[in-house]
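Data file: data06.cif. Format and content: mmCIF, C-alpha atoms.
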data_work
loop_
_atom_site.label_atom_id
_atom_site.label_comp_id
_atom_site.auth_asym_id
_atom_site.auth_seq_id
_atom_site.Cartn_x
_atom_site.Cartn_y
_atom_site.Cartn_z
CA MET A 1 -32.17 11.59 -7.27
CA LEU A 2 -29.17 9.67 -8.62
CA LEU A 3 -27.26 9.53 -5.35
CA ASP A 4 -30.30 8.43 -3.37
CA ASN A 5 -30.96 5.63 -5.86
CA LEU A 6 -27.33 4.49 -5.77
CA LEU A 7 -27.10 4.38 -1.98
CA SER A 8 -30.52 2.69 -1.66
CA GLN A 9 -29.30 -0.15 -3.86
CA VAL A 10 -25.76 -0.49 -2.54
CA ILE A 11 -25.90 0.06 1.25
CA ARG A 12 -27.21 -3.22 2.62
CA HIS A 13 -24.83 -4.10 5.45
CA GLY A 14 -24.74 -1.70 8.37
CA ARG A 15 -26.21 1.79 8.19
CA LEU A 16 -25.26 5.16 6.76
CA ALA A 17 -27.19 8.40 7.18
CA ILE A 18 -27.07 11.31 4.74
CA ILE A 19 -28.33 14.79 5.54
CA TYR A 20 -28.98 16.42 2.17
CA PRO A 21 -28.57 20.14 1.41
CA ASN A 22 -32.33 20.67 1.80
CA GLY A 23 -32.18 19.28 5.35
CA ARG A 24 -33.72 15.87 4.58
CA ARG A 25 -32.15 13.04 6.58
CA GLN A 26 -32.15 9.61 4.97
CA ILE A 27 -30.84 6.39 6.51
CA TYR A 28 -29.56 3.67 4.18
CA GLY A 29 -28.98 0.02 5.02
CA GLU A 30 -30.18 -2.40 7.63
CA GLY A 31 -28.32 -2.11 10.88
CA GLY A 32 -31.07 -2.09 13.47
CA ASP A 33 -29.92 -0.09 16.47
CA GLY A 34 -26.25 -0.33 15.56
CA PRO A 35 -23.92 2.58 14.81
CA CYS A 36 -25.05 4.92 12.07
CA PRO A 37 -22.31 7.29 10.86
CA THR A 38 -23.87 10.45 9.49
CA ILE A 39 -22.70 12.61 6.60
CA ARG A 40 -23.99 16.15 6.01
CA ILE A 41 -23.78 17.39 2.42
CA HIS A 42 -23.61 21.19 2.26
CA ASP A 43 -23.36 21.72 -1.50
CA ARG A 44 -25.72 20.39 -4.17
CA SER A 45 -22.80 19.89 -6.58
CA VAL A 46 -21.71 16.96 -4.41
CA LEU A 47 -24.86 15.04 -5.31
CA ILE A 48 -23.99 14.59 -8.97
CA ALA A 49 -20.24 14.11 -8.42
CA ALA A 50 -20.79 11.43 -5.77
CA ALA A 51 -23.41 9.64 -7.86
CA LEU A 52 -21.10 9.43 -10.89
CA ASP A 53 -17.98 8.46 -8.93
CA PRO A 54 -18.67 7.85 -5.22
CA SER A 55 -15.02 7.45 -4.23
CA LEU A 56 -13.78 10.65 -5.84
CA GLY A 57 -16.97 12.65 -5.37
CA PHE A 58 -17.25 12.04 -1.64
CA ALA A 59 -13.49 12.38 -1.14
CA GLU A 60 -13.15 15.77 -2.81
CA ALA A 61 -16.23 17.08 -1.02
CA TYR A 62 -14.82 15.94 2.32
CA MET A 63 -11.41 17.44 1.58
CA ASP A 64 -12.98 20.77 0.57
CA GLY A 65 -15.39 20.94 3.52
CA ARG A 66 -18.47 20.68 1.30
CA LEU A 67 -19.26 17.49 3.19
CA THR A 68 -18.82 16.96 6.92
CA ILE A 69 -19.23 13.97 9.22
CA GLU A 70 -21.58 14.60 12.13
CA ASP A 71 -21.79 11.18 13.82
CA GLY A 72 -18.79 8.88 13.87
CA ASP A 73 -15.64 9.74 11.98
CA VAL A 74 -14.19 9.18 8.53
CA TYR A 75 -13.12 5.63 9.37
CA ASP A 76 -16.65 4.68 10.43
CA VAL A 77 -17.99 5.99 7.12
CA CYS A 78 -15.28 4.16 5.16
CA MET A 79 -16.05 0.85 6.84
CA VAL A 80 -19.70 1.02 5.77
CA VAL A 81 -18.99 2.31 2.28
CA VAL A 82 -16.06 0.01 1.47
CA HIS A 83 -17.82 -3.08 2.82
CA ASN A 84 -20.94 -2.46 0.76
CA PHE A 85 -19.31 -1.26 -2.43
CA GLU A 86 -17.03 -4.31 -2.33
CA LYS A 87 -19.78 -6.83 -1.59
CA VAL A 88 -22.63 -5.31 -3.61
CA GLY A 89 -20.85 -3.24 -6.25
CA LEU A 90 -21.82 -0.06 -8.03
CA THR A 91 -24.90 0.49 -10.15
CA GLY A 92 -26.06 2.77 -12.94
CA LEU A 93 -23.77 5.50 -14.25
CA SER A 94 -21.18 4.92 -11.54
CA ARG A 95 -20.91 1.30 -12.67
CA LEU A 96 -20.48 2.42 -16.28
CA LYS A 97 -17.69 4.81 -15.32
CA LEU A 98 -15.96 2.05 -13.35
CA VAL A 99 -16.07 -0.26 -16.38
CA LEU A 100 -14.61 2.48 -18.59
CA ARG A 101 -11.79 3.11 -16.12
CA HIS A 102 -11.04 -0.59 -16.08
CA LEU A 103 -10.78 -0.62 -19.87
CA LEU A 104 -8.54 2.44 -19.81
CA ARG A 105 -6.14 1.08 -17.17
CA PRO A 106 -3.20 0.82 -19.60
CA LEU A 107 -3.42 4.55 -20.31
CA GLU A 108 -3.90 5.50 -16.65
CA GLN A 109 -0.84 3.44 -15.73
CA LEU A 110 1.42 4.34 -18.64
CA ASN A 111 4.42 4.34 -16.32
CA ARG A 112 7.37 4.96 -18.61
CA ALA A 113 10.53 6.22 -16.93
CA ARG A 114 9.61 9.93 -16.89
CA ALA A 115 6.04 9.31 -15.74
CA SER A 116 7.28 6.92 -13.04
CA ARG A 117 9.65 9.57 -11.70
CA ARG A 118 6.83 12.15 -11.63
CA ASN A 119 4.42 9.75 -9.90
CA VAL A 120 6.97 8.82 -7.25
CA ALA A 121 7.75 12.48 -6.53
CA HIS A 122 4.03 13.20 -6.03
CA HIS A 123 3.96 11.02 -2.91
CA TYR A 124 7.45 10.15 -1.71
CA ASP A 125 9.02 13.59 -2.10
CA LEU A 126 6.66 15.10 0.45
CA SER A 127 8.31 16.55 3.54
CA GLY A 128 10.19 13.98 5.56
CA ALA A 129 8.74 15.64 8.65
CA LEU A 130 5.31 14.38 7.58
CA TYR A 131 6.43 10.76 7.53
CA ASP A 132 8.13 11.17 10.90
CA LEU A 133 4.70 11.91 12.38
CA PHE A 134 3.32 8.42 11.81
CA LEU A 135 5.99 5.95 10.67
CA ASP A 136 8.33 4.01 12.93
CA PRO A 137 11.87 5.44 13.37
CA ASP A 138 13.17 3.19 10.57
CA ARG A 139 10.56 4.71 8.23
CA GLN A 140 9.16 1.40 7.08
CA TYR A 141 6.36 2.48 4.74
CA SER A 142 4.91 -0.94 3.94
CA CYS A 143 2.91 -3.67 5.63
CA ALA A 144 4.29 -4.76 8.99
CA TYR A 145 4.25 -8.40 10.13
CA PHE A 146 2.30 -8.96 13.34
CA ALA A 147 3.62 -12.34 14.45
CA ARG A 148 1.87 -11.63 17.77
CA PRO A 149 -1.22 -9.48 18.28
CA ASP A 150 0.44 -7.51 21.10
CA MET A 151 3.35 -6.32 18.95
CA SER A 152 4.12 -2.63 18.74
CA LEU A 153 4.50 -1.10 15.29
CA GLU A 154 8.28 -1.03 15.77
CA GLU A 155 8.36 -4.73 16.67
CA ALA A 156 6.08 -5.67 13.77
CA GLN A 157 8.18 -3.75 11.25
CA ALA A 158 11.34 -5.43 12.54
CA ALA A 159 9.54 -8.78 12.26
CA LYS A 160 8.61 -7.92 8.65
CA LYS A 161 12.24 -7.31 7.74
CA ALA A 162 13.35 -10.52 9.47
CA HIS A 163 10.63 -12.51 7.70
CA ILE A 164 11.77 -11.15 4.34
CA ALA A 165 15.42 -11.82 5.14
CA ARG A 166 14.65 -15.47 5.92
CA LYS A 167 12.82 -15.77 2.62
CA LEU A 168 15.92 -14.49 0.82
CA ARG A 169 18.19 -17.14 2.40
CA LEU A 170 21.04 -14.68 2.73
CA GLU A 171 24.72 -15.56 3.16
CA PRO A 172 27.58 -13.14 3.93
CA GLY A 173 29.11 -11.57 0.85
CA MET A 174 26.05 -11.97 -1.37
CA ARG A 175 25.13 -9.16 -3.76
CA VAL A 176 21.55 -7.96 -3.18
CA LEU A 177 19.43 -5.60 -5.25
CA ASP A 178 16.65 -3.71 -3.43
CA ILE A 179 14.18 -2.39 -6.03
CA GLY A 180 12.35 0.56 -4.49
CA SER A 181 14.61 0.97 -1.47
CA GLY A 182 12.69 3.83 0.13
CA TRP A 183 14.52 5.51 2.98
CA GLY A 184 16.96 2.62 3.17
CA GLY A 185 15.77 0.75 6.24
CA LEU A 186 15.59 -2.73 4.72
CA ALA A 187 18.87 -2.41 2.81
CA LEU A 188 20.73 -1.20 5.90
CA THR A 189 19.26 -3.99 8.02
CA LEU A 190 20.29 -6.67 5.51
CA ALA A 191 23.84 -5.33 5.28
CA ARG A 192 24.26 -4.88 9.03
CA ASP A 193 22.63 -8.09 10.25
CA TYR A 194 23.38 -10.52 7.42
CA GLY A 195 26.71 -9.34 6.01
CA VAL A 196 25.54 -8.77 2.43
CA ASP A 197 26.33 -5.99 -0.03
CA VAL A 198 23.22 -4.11 -1.13
CA THR A 199 22.40 -1.83 -4.04
CA GLY A 200 19.21 0.09 -3.37
CA ILE A 201 17.43 1.95 -6.16
CA THR A 202 14.74 4.61 -5.90
CA LEU A 203 13.19 7.38 -7.99
CA SER A 204 12.65 9.68 -5.01
CA THR A 205 15.31 12.35 -4.46
CA GLU A 206 14.12 12.88 -0.88
CA GLN A 207 14.40 9.18 -0.08
CA LEU A 208 17.77 8.90 -1.79
CA ALA A 209 19.30 11.75 0.22
CA LEU A 210 18.18 10.37 3.57
CA ALA A 211 19.13 6.78 2.71
CA ARG A 212 22.67 7.86 1.84
CA GLN A 213 22.93 9.87 5.03
CA ARG A 214 21.77 6.89 7.06
CA ALA A 215 24.28 4.58 5.38
CA ALA A 216 27.10 7.00 6.16
CA ARG A 217 26.02 7.43 9.80
CA ALA A 218 25.80 3.66 10.24
CA GLY A 219 29.28 3.13 8.79
CA LEU A 220 27.80 1.02 5.99
CA ALA A 221 28.42 3.27 2.99
CA ASP A 222 30.99 0.82 1.63
CA ARG A 223 28.47 -2.04 1.64
CA VAL A 224 25.20 -0.27 0.86
CA LYS A 225 24.91 1.89 -2.26
CA PHE A 226 21.79 3.87 -3.07
CA GLU A 227 21.15 5.06 -6.61
CA LEU A 228 18.54 7.27 -8.30
CA ILE A 229 17.74 4.96 -11.19
CA ASP A 230 14.77 3.29 -12.86
CA TYR A 231 14.66 -0.49 -12.46
CA ARG A 232 14.70 -0.85 -16.24
CA ALA A 233 18.15 0.76 -16.41
CA VAL A 234 19.89 -1.48 -13.85
CA THR A 235 22.69 -3.73 -15.12
CA GLY A 236 24.74 -6.51 -13.55
CA ARG A 237 23.95 -9.74 -11.74
CA PHE A 238 22.70 -10.22 -8.20
CA ASP A 239 22.49 -13.23 -5.91
CA ARG A 240 19.30 -11.94 -4.37
CA ILE A 241 16.67 -9.41 -5.45
CA VAL A 242 14.06 -7.94 -3.12
CA SER A 243 11.28 -5.48 -3.85
CA VAL A 244 8.96 -4.25 -1.10
CA GLY A 245 6.06 -1.90 -1.82
CA MET A 246 7.31 -0.94 -5.27
CA PHE A 247 5.43 -3.30 -7.60
CA GLU A 248 2.24 -1.30 -6.97
CA HIS A 249 3.85 1.51 -9.01
CA VAL A 250 4.90 -0.57 -12.03
CA GLY A 251 1.62 -0.40 -13.98
CA VAL A 252 -0.17 -3.30 -15.66
CA GLY A 253 1.41 -2.59 -19.03
CA PHE A 254 4.91 -3.02 -17.62
CA TYR A 255 4.64 -6.25 -15.64
CA ASP A 256 6.55 -8.21 -18.25
CA ALA A 257 9.29 -5.57 -18.33
CA TYR A 258 9.55 -5.76 -14.53
CA PHE A 259 9.72 -9.53 -14.20
CA GLY A 260 11.82 -9.79 -17.33
CA LYS A 261 14.34 -7.47 -15.69
CA ILE A 262 14.37 -9.56 -12.54
CA ARG A 263 15.04 -12.65 -14.65
CA GLU A 264 17.90 -10.85 -16.43
CA LEU A 265 19.53 -9.55 -13.23
CA LEU A 266 19.10 -12.65 -11.06
CA ALA A 267 22.02 -15.08 -10.79
CA ASP A 268 21.40 -18.60 -12.07
CA ASP A 269 21.12 -19.99 -8.55
CA GLY A 270 19.60 -16.79 -7.14
CA ALA A 271 16.30 -16.03 -5.43
CA ALA A 272 14.02 -13.01 -5.54
CA MET A 273 11.18 -11.90 -3.26
CA VAL A 274 8.44 -9.46 -4.33
CA HIS A 275 6.22 -7.98 -1.61
CA THR A 276 3.23 -6.09 -2.99
CA ILE A 277 -0.28 -5.04 -2.09
CA GLY A 278 -2.75 -7.08 -4.08
CA ARG A 279 -6.44 -7.76 -4.41
CA ALA A 280 -8.11 -10.97 -3.32
CA GLY A 281 -10.57 -10.73 -6.20
CA PRO A 282 -10.26 -10.29 -9.95
CA PRO A 283 -8.55 -7.37 -11.73
CA GLY A 284 -10.20 -3.96 -11.56
CA PRO A 285 -9.40 -0.23 -11.66
CA THR A 286 -7.58 1.64 -8.93
CA ASN A 287 -9.78 3.55 -6.51
CA SER A 288 -10.25 6.93 -8.19
CA PHE A 289 -9.44 8.99 -5.07
CA ILE A 290 -6.21 7.05 -4.51
CA ALA A 291 -5.29 7.28 -8.19
CA LYS A 292 -5.76 11.06 -8.36
CA TYR A 293 -4.50 12.28 -5.00
CA ILE A 294 -2.32 9.63 -3.36
CA PHE A 295 -0.63 7.23 -5.80
CA PRO A 296 -1.01 8.40 -9.41
CA GLY A 297 -0.15 5.59 -11.78
CA GLY A 298 -0.52 3.06 -8.97
CA TYR A 299 -2.33 -0.25 -9.15
CA THR A 300 -2.74 -3.26 -6.87
CA PRO A 301 -2.72 -6.45 -8.94
CA ALA A 302 -4.82 -9.56 -8.76
CA LEU A 303 -2.68 -12.63 -8.20
CA SER A 304 -3.80 -13.89 -11.62
CA GLU A 305 -2.25 -10.83 -13.30
CA LEU A 306 1.00 -11.04 -11.38
CA MET A 307 1.50 -14.77 -11.87
CA ALA A 308 0.62 -14.66 -15.56
CA SER A 309 3.52 -12.26 -16.10
CA VAL A 310 5.86 -14.40 -13.98
CA GLU A 311 5.01 -17.36 -16.19
CA ARG A 312 5.49 -15.42 -19.42
CA CYS A 313 8.92 -14.23 -18.27
CA GLY A 314 10.18 -17.73 -17.53
CA LEU A 315 10.56 -17.37 -13.77
CA VAL A 316 9.49 -20.08 -11.32
CA ALA A 317 7.36 -19.20 -8.30
CA ALA A 318 8.93 -21.05 -5.38
CA ASP A 319 6.37 -19.87 -2.82
CA VAL A 320 3.45 -17.46 -2.47
CA GLU A 321 2.32 -16.17 0.93
CA ILE A 322 -0.74 -13.99 1.39
CA LEU A 323 -0.68 -11.68 4.40
CA ARG A 324 -4.23 -10.96 5.54
CA LEU A 325 -5.14 -8.15 7.96
CA HIS A 326 -1.50 -7.35 8.74
CA TYR A 327 -1.79 -4.15 6.71
CA ALA A 328 -5.07 -3.23 8.39
CA GLU A 329 -3.27 -3.29 11.74
CA THR A 330 -0.34 -1.35 10.28
CA LEU A 331 -2.61 1.36 8.91
CA LYS A 332 -4.58 1.54 12.14
CA GLU A 333 -1.41 2.42 14.01
CA TRP A 334 -0.22 4.84 11.32
CA ARG A 335 -3.54 6.69 11.49
CA ARG A 336 -3.52 6.76 15.30
CA ARG A 337 -0.09 8.39 15.26
CA PHE A 338 -1.02 10.78 12.46
CA LEU A 339 -4.12 11.99 14.31
CA ALA A 340 -2.09 12.43 17.50
CA HIS A 341 0.17 14.85 15.57
CA ARG A 342 -2.42 16.36 13.25
CA ASP A 343 -1.61 19.89 14.37
CA LYS A 344 1.98 19.40 13.22
CA ALA A 345 0.81 18.03 9.87
CA GLU A 346 -1.45 21.03 9.40
CA ALA A 347 1.49 23.32 10.14
CA LEU A 348 3.47 21.56 7.40
CA TYR A 349 0.64 21.70 4.86
CA ASP A 350 -2.96 22.76 5.62
CA ALA A 351 -6.30 21.50 6.92
CA ARG A 352 -7.39 20.23 3.49
CA PHE A 353 -4.24 18.12 3.21
CA CYS A 354 -4.89 16.67 6.67
CA ARG A 355 -8.42 15.69 5.74
CA MET A 356 -7.08 14.08 2.57
CA TRP A 357 -4.37 12.17 4.45
CA ASP A 358 -6.76 11.04 7.17
CA LEU A 359 -9.17 9.79 4.50
CA TYR A 360 -6.29 7.99 2.75
CA LEU A 361 -5.25 6.12 5.89
CA ALA A 362 -8.81 5.40 7.03
CA SER A 363 -10.06 4.20 3.65
CA CYS A 364 -7.01 1.99 3.16
CA GLU A 365 -7.45 0.41 6.58
CA ALA A 366 -11.09 -0.29 5.74
CA SER A 367 -10.05 -1.78 2.39
CA PHE A 368 -7.72 -4.23 4.13
CA ARG A 369 -10.31 -5.13 6.79
CA VAL A 370 -13.42 -5.60 4.66
CA GLY A 371 -12.58 -4.63 1.09
CA GLY A 372 -10.52 -7.51 -0.27
CA GLN A 373 -7.07 -5.92 -0.18
CA VAL A 374 -4.21 -8.20 0.90
CA VAL A 375 -0.42 -8.44 0.56
CA PHE A 376 1.37 -10.95 -1.65
CA GLN A 377 4.89 -12.15 -0.95
CA VAL A 378 6.12 -14.09 -3.97
CA GLN A 379 9.46 -15.91 -3.98
CA LEU A 380 10.98 -16.39 -7.42
CA GLY A 381 13.89 -18.20 -9.01
CA HIS A 382 15.12 -19.68 -12.25
CA ASP A 383 14.24 -23.26 -11.33
CA VAL A 384 12.30 -25.32 -8.80
CA ALA A 385 15.39 -26.00 -6.67
CA SER A 386 16.12 -22.33 -5.93
CA LEU A 387 14.70 -22.52 -2.39
CA PRO A 388 14.01 -25.23 0.23
CA ILE A 389 11.04 -27.50 -0.46
CA THR A 390 9.31 -26.79 2.87
CA ARG A 391 8.59 -23.60 4.81
CA ASP A 392 10.26 -24.83 7.99
CA TYR A 393 13.23 -22.49 7.55
CA LEU A 394 10.93 -19.48 7.77
CA TYR A 395 9.60 -20.15 11.25
CA VAL A 396 12.44 -21.60 13.33
CA GLN A 397 13.40 -18.17 14.63
CA ASP A 398 9.76 -17.17 15.09
CA GLU A 399 9.19 -20.21 17.32
CA ALA A 400 12.23 -19.33 19.44
CA GLU A 401 11.05 -15.74 19.81
CA HIS A 402 7.56 -16.97 20.73
CA ALA A 403 9.01 -19.21 23.42
CA ARG A 404 11.08 -16.36 24.88
CA HIS A 405 8.05 -14.08 24.92
CA ALA A 406 5.88 -16.72 26.63
CA ALA A 407 8.55 -17.22 29.33
CA GLN A 408 8.64 -13.52 30.20
#

Representation of the structure as structure tokens:
Amino acid sequence: MLLDNLLSQVIRHGRLAIIYPNGRRQIYGEGGDGPCPTIRIHDRSVLIAAALDPSLGFAEAYMDGRLTIEDGDVYDVCMVVVHNFEKVGLTGLSRLKLVLRHLLRPLEQLNRARASRRNVAHHYDLSGALYDLFLDPDRQYSCAYFARPDMSLEEAQAAKKAHIARKLRLEPGMRVLDIGSGWGGLALTLARDYGVDVTGITLSTEQLALARQRAARAGLADRVKFELIDYRAVTGRFDRIVSVGMFEHVGVGFYDAYFGKIRELLADDGAAMVHTIGRAGPPGPTNSFIAKYIFPGGYTPALSELMASVERCGLVAADVEILRLHYAETLKEWRRRFLAHRDKAEALYDARFCRMWDLYLASCEASFRVGGQVVFQVQLGHDVASLPITRDYLYVQDEAEHARHAAQ
């Protein structure tokens, strides 16, 4: 049996049990008496699909109810699967399909303007009520910054924005471009707290509408402008450029266009900061479940891919910071909140959607804990003098906050 052979070779760390359609129960891996999440497969069609593409095959079966989890939950299964598939890798036909998908990445991520708009709508134009179920009130939909382990999600998201602002070295009156401005939280914070003028761009009509409403309610509409425009169509010059959680949607074939545009738009003495999910290892294809159902056209780059494009475009990397495990903690809290309001999510969509969304959050958390996913924050400029030569300026405020917290 193809699936049995695959799992026998790949599952080496921890344990995973499969109950096959004929009732046979097989345990894979070496975990002694430790936890053993158990999957029951109800439909024989799952066996071939999961053997050829484990990520997509198992995901679709779980979403459709052709596969259920009897011991543990979807996160427990993801932790075993992600850890082993990352450390050991795929074999046989599933390995061949992975190689083919890697070779075909440029076609899968052919994110021209129209395709980019369609891909963004697939995810970000979902009901705003869905995002209210699990995001913080500012709707920060990117990795938070846990400067302390006891931080709430709200505190960690505020710390993320403050950390980014310090990296931008903002001064009142500066012109700032926010590429991929989401629901406007970062742009509004920069304008309100640092006295800058911000242009935020997005391809999501839902995000645009709410961001403009928020700017008006905050009395910042004269200093924060949100536009529905592709980054490639932006003109003008900006003192600072920031992009948080958008680079993942650019596509490998468009990295030079992206960084070339930043170089064109950035003032001679300006600074840019790109915050993106990345992979700690070499380049590879996007997880097939994520690519089909969650972020079509999306891709998390290896640092080697990102920096090669930066170099080709003539920008200078002033600093690179790698955030490890921060996103795992962010996703853990998002999933906890989503599950606490799952009935409301099911009322918005249906049970299949909820299983898909739960799998998305759980598998992503596992990927950041044991699967080699990280976050890159890359500061860029036109020359080596664009930013201070030490990192001291980033942590002065953090140290003061730490001292205040310790005194409480």

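When only C-alpha atoms are used to measure the gap to Thr189 in chain A, the shortest distance among A:Ala271, A:Ala328, A:Ala215, A:Ile11 belongs to A:Ala215.
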
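With all atoms listed in the file as the atoms that count, the minimum distance from Thr38 in chain A to the choices A:Leu56, A:Val74, A:Val250, A:Ala257 is reached by A:Val74.
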
Going by the chain IDs and residue numbers used in this file, which residues fall under the PyMOL selection byres ((chain A and resi 39) around 10)? Write them as a PDB file with C-alpha atoms, in the frame of the given file.
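The resulting part.pdb:
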ATOM      1  CA  LEU A  16     -25.260   5.160   6.760  1.00  0.00           C
ATOM      2  CA  ALA A  17     -27.190   8.400   7.180  1.00  0.00           C
ATOM      3  CA  ILE A  18     -27.070  11.310   4.740  1.00  0.00           C
ATOM      4  CA  ILE A  19     -28.330  14.790   5.540  1.00  0.00           C
ATOM      5  CA  TYR A  20     -28.980  16.420   2.170  1.00  0.00           C
ATOM      6  CA  ARG A  25     -32.150  13.040   6.580  1.00  0.00           C
ATOM      7  CA  CYS A  36     -25.050   4.920  12.070  1.00  0.00           C
ATOM      8  CA  PRO A  37     -22.310   7.290  10.860  1.00  0.00           C
ATOM      9  CA  THR A  38     -23.870  10.450   9.490  1.00  0.00           C
ATOM     10  CA  ARG A  40     -23.990  16.150   6.010  1.00  0.00           C
ATOM     11  CA  ILE A  41     -23.780  17.390   2.420  1.00  0.00           C
ATOM     12  CA  HIS A  42     -23.610  21.190   2.260  1.00  0.00           C
ATOM     13  CA  PHE A  58     -17.250  12.040  -1.640  1.00  0.00           C
ATOM     14  CA  TYR A  62     -14.820  15.940   2.320  1.00  0.00           C
ATOM     15  CA  LEU A  67     -19.260  17.490   3.190  1.00  0.00           C
ATOM     16  CA  THR A  68     -18.820  16.960   6.920  1.00  0.00           C
ATOM     17  CA  ILE A  69     -19.230  13.970   9.220  1.00  0.00           C
ATOM     18  CA  GLU A  70     -21.580  14.600  12.130  1.00  0.00           C
ATOM     19  CA  ASP A  71     -21.790  11.180  13.820  1.00  0.00           C
ATOM     20  CA  GLY A  72     -18.790   8.880  13.870  1.00  0.00           C
ATOM     21  CA  ASP A  73     -15.640   9.740  11.980  1.00  0.00           C
ATOM     22  CA  VAL A  74     -14.190   9.180   8.530  1.00  0.00           C
ATOM     23  CA  VAL A  77     -17.990   5.990   7.120  1.00  0.00           C
TER      24      VAL A  77
END

Counting all atoms listed in the file, the residue of A:Pro388, A:Gln373, A:Ser367, A:Ile241 that sits nearest His83 in chain A: A:Ser367

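Neighbours of Ile277 in chain A closer than or equal to 7 Å, with only C-alpha atoms counted and sequence neighbours fewer than 2 positions away skipped, come out as Glu248, Thr300, Val374, Val375 and Phe376 of chain A.
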
With C-alpha atoms retained, export the selected residues as a short mmCIF file (atom, residue, chain, number, x, y, z; two decimals), keeping the file's coordinate frame.
data_model
loop_
_atom_site.label_atom_id
_atom_site.label_comp_id
_atom_site.auth_asym_id
_atom_site.auth_seq_id
_atom_site.Cartn_x
_atom_site.Cartn_y
_atom_site.Cartn_z
CA GLU A 248 2.24 -1.30 -6.97
CA THR A 300 -2.74 -3.26 -6.87
CA VAL A 374 -4.21 -8.20 0.90
CA VAL A 375 -0.42 -8.44 0.56
CA PHE A 376 1.37 -10.95 -1.65
#

Contacts of Gly180 in chain A within 10 Å, all atoms listed in the file, excl. fewer than 4 positions in-chain, as a list in words: Gly184, Gly200, Ile201, Thr202, Leu203, Ser204, Gln207, Leu228, Ile229, Asp230, Tyr231, Val242, Ser243, Val244, Gly245, Met246, Phe247 and His249 of chain A

Residue subset to file, keeping C-alpha atoms, as a PDB file, in the coordinates of the input:
ATOM      1  CA  GLY A 184      16.960   2.620   3.170  1.00  0.00           C
ATOM      2  CA  GLY A 200      19.210   0.090  -3.370  1.00  0.00           C
ATOM      3  CA  ILE A 201      17.430   1.950  -6.160  1.00  0.00           C
ATOM      4  CA  THR A 202      14.740   4.610  -5.900  1.00  0.00           C
ATOM      5  CA  LEU A 203      13.190   7.380  -7.990  1.00  0.00           C
ATOM      6  CA  SER A 204      12.650   9.680  -5.010  1.00  0.00           C
ATOM      7  CA  GLN A 207      14.400   9.180  -0.080  1.00  0.00           C
ATOM      8  CA  LEU A 228      18.540   7.270  -8.300  1.00  0.00           C
ATOM      9  CA  ILE A 229      17.740   4.960 -11.190  1.00  0.00           C
ATOM     10  CA  ASP A 230      14.770   3.290 -12.860  1.00  0.00           C
ATOM     11  CA  TYR A 231      14.660  -0.490 -12.460  1.00  0.00           C
ATOM     12  CA  VAL A 242      14.060  -7.940  -3.120  1.00  0.00           C
ATOM     13  CA  SER A 243      11.280  -5.480  -3.850  1.00  0.00           C
ATOM     14  CA  VAL A 244       8.960  -4.250  -1.100  1.00  0.00           C
ATOM     15  CA  GLY A 245       6.060  -1.900  -1.820  1.00  0.00           C
ATOM     16  CA  MET A 246       7.310  -0.940  -5.270  1.00  0.00           C
ATOM     17  CA  PHE A 247       5.430  -3.300  -7.600  1.00  0.00           C
ATOM     18  CA  HIS A 249       3.850   1.510  -9.010  1.00  0.00           C
TER      19      HIS A 249
END
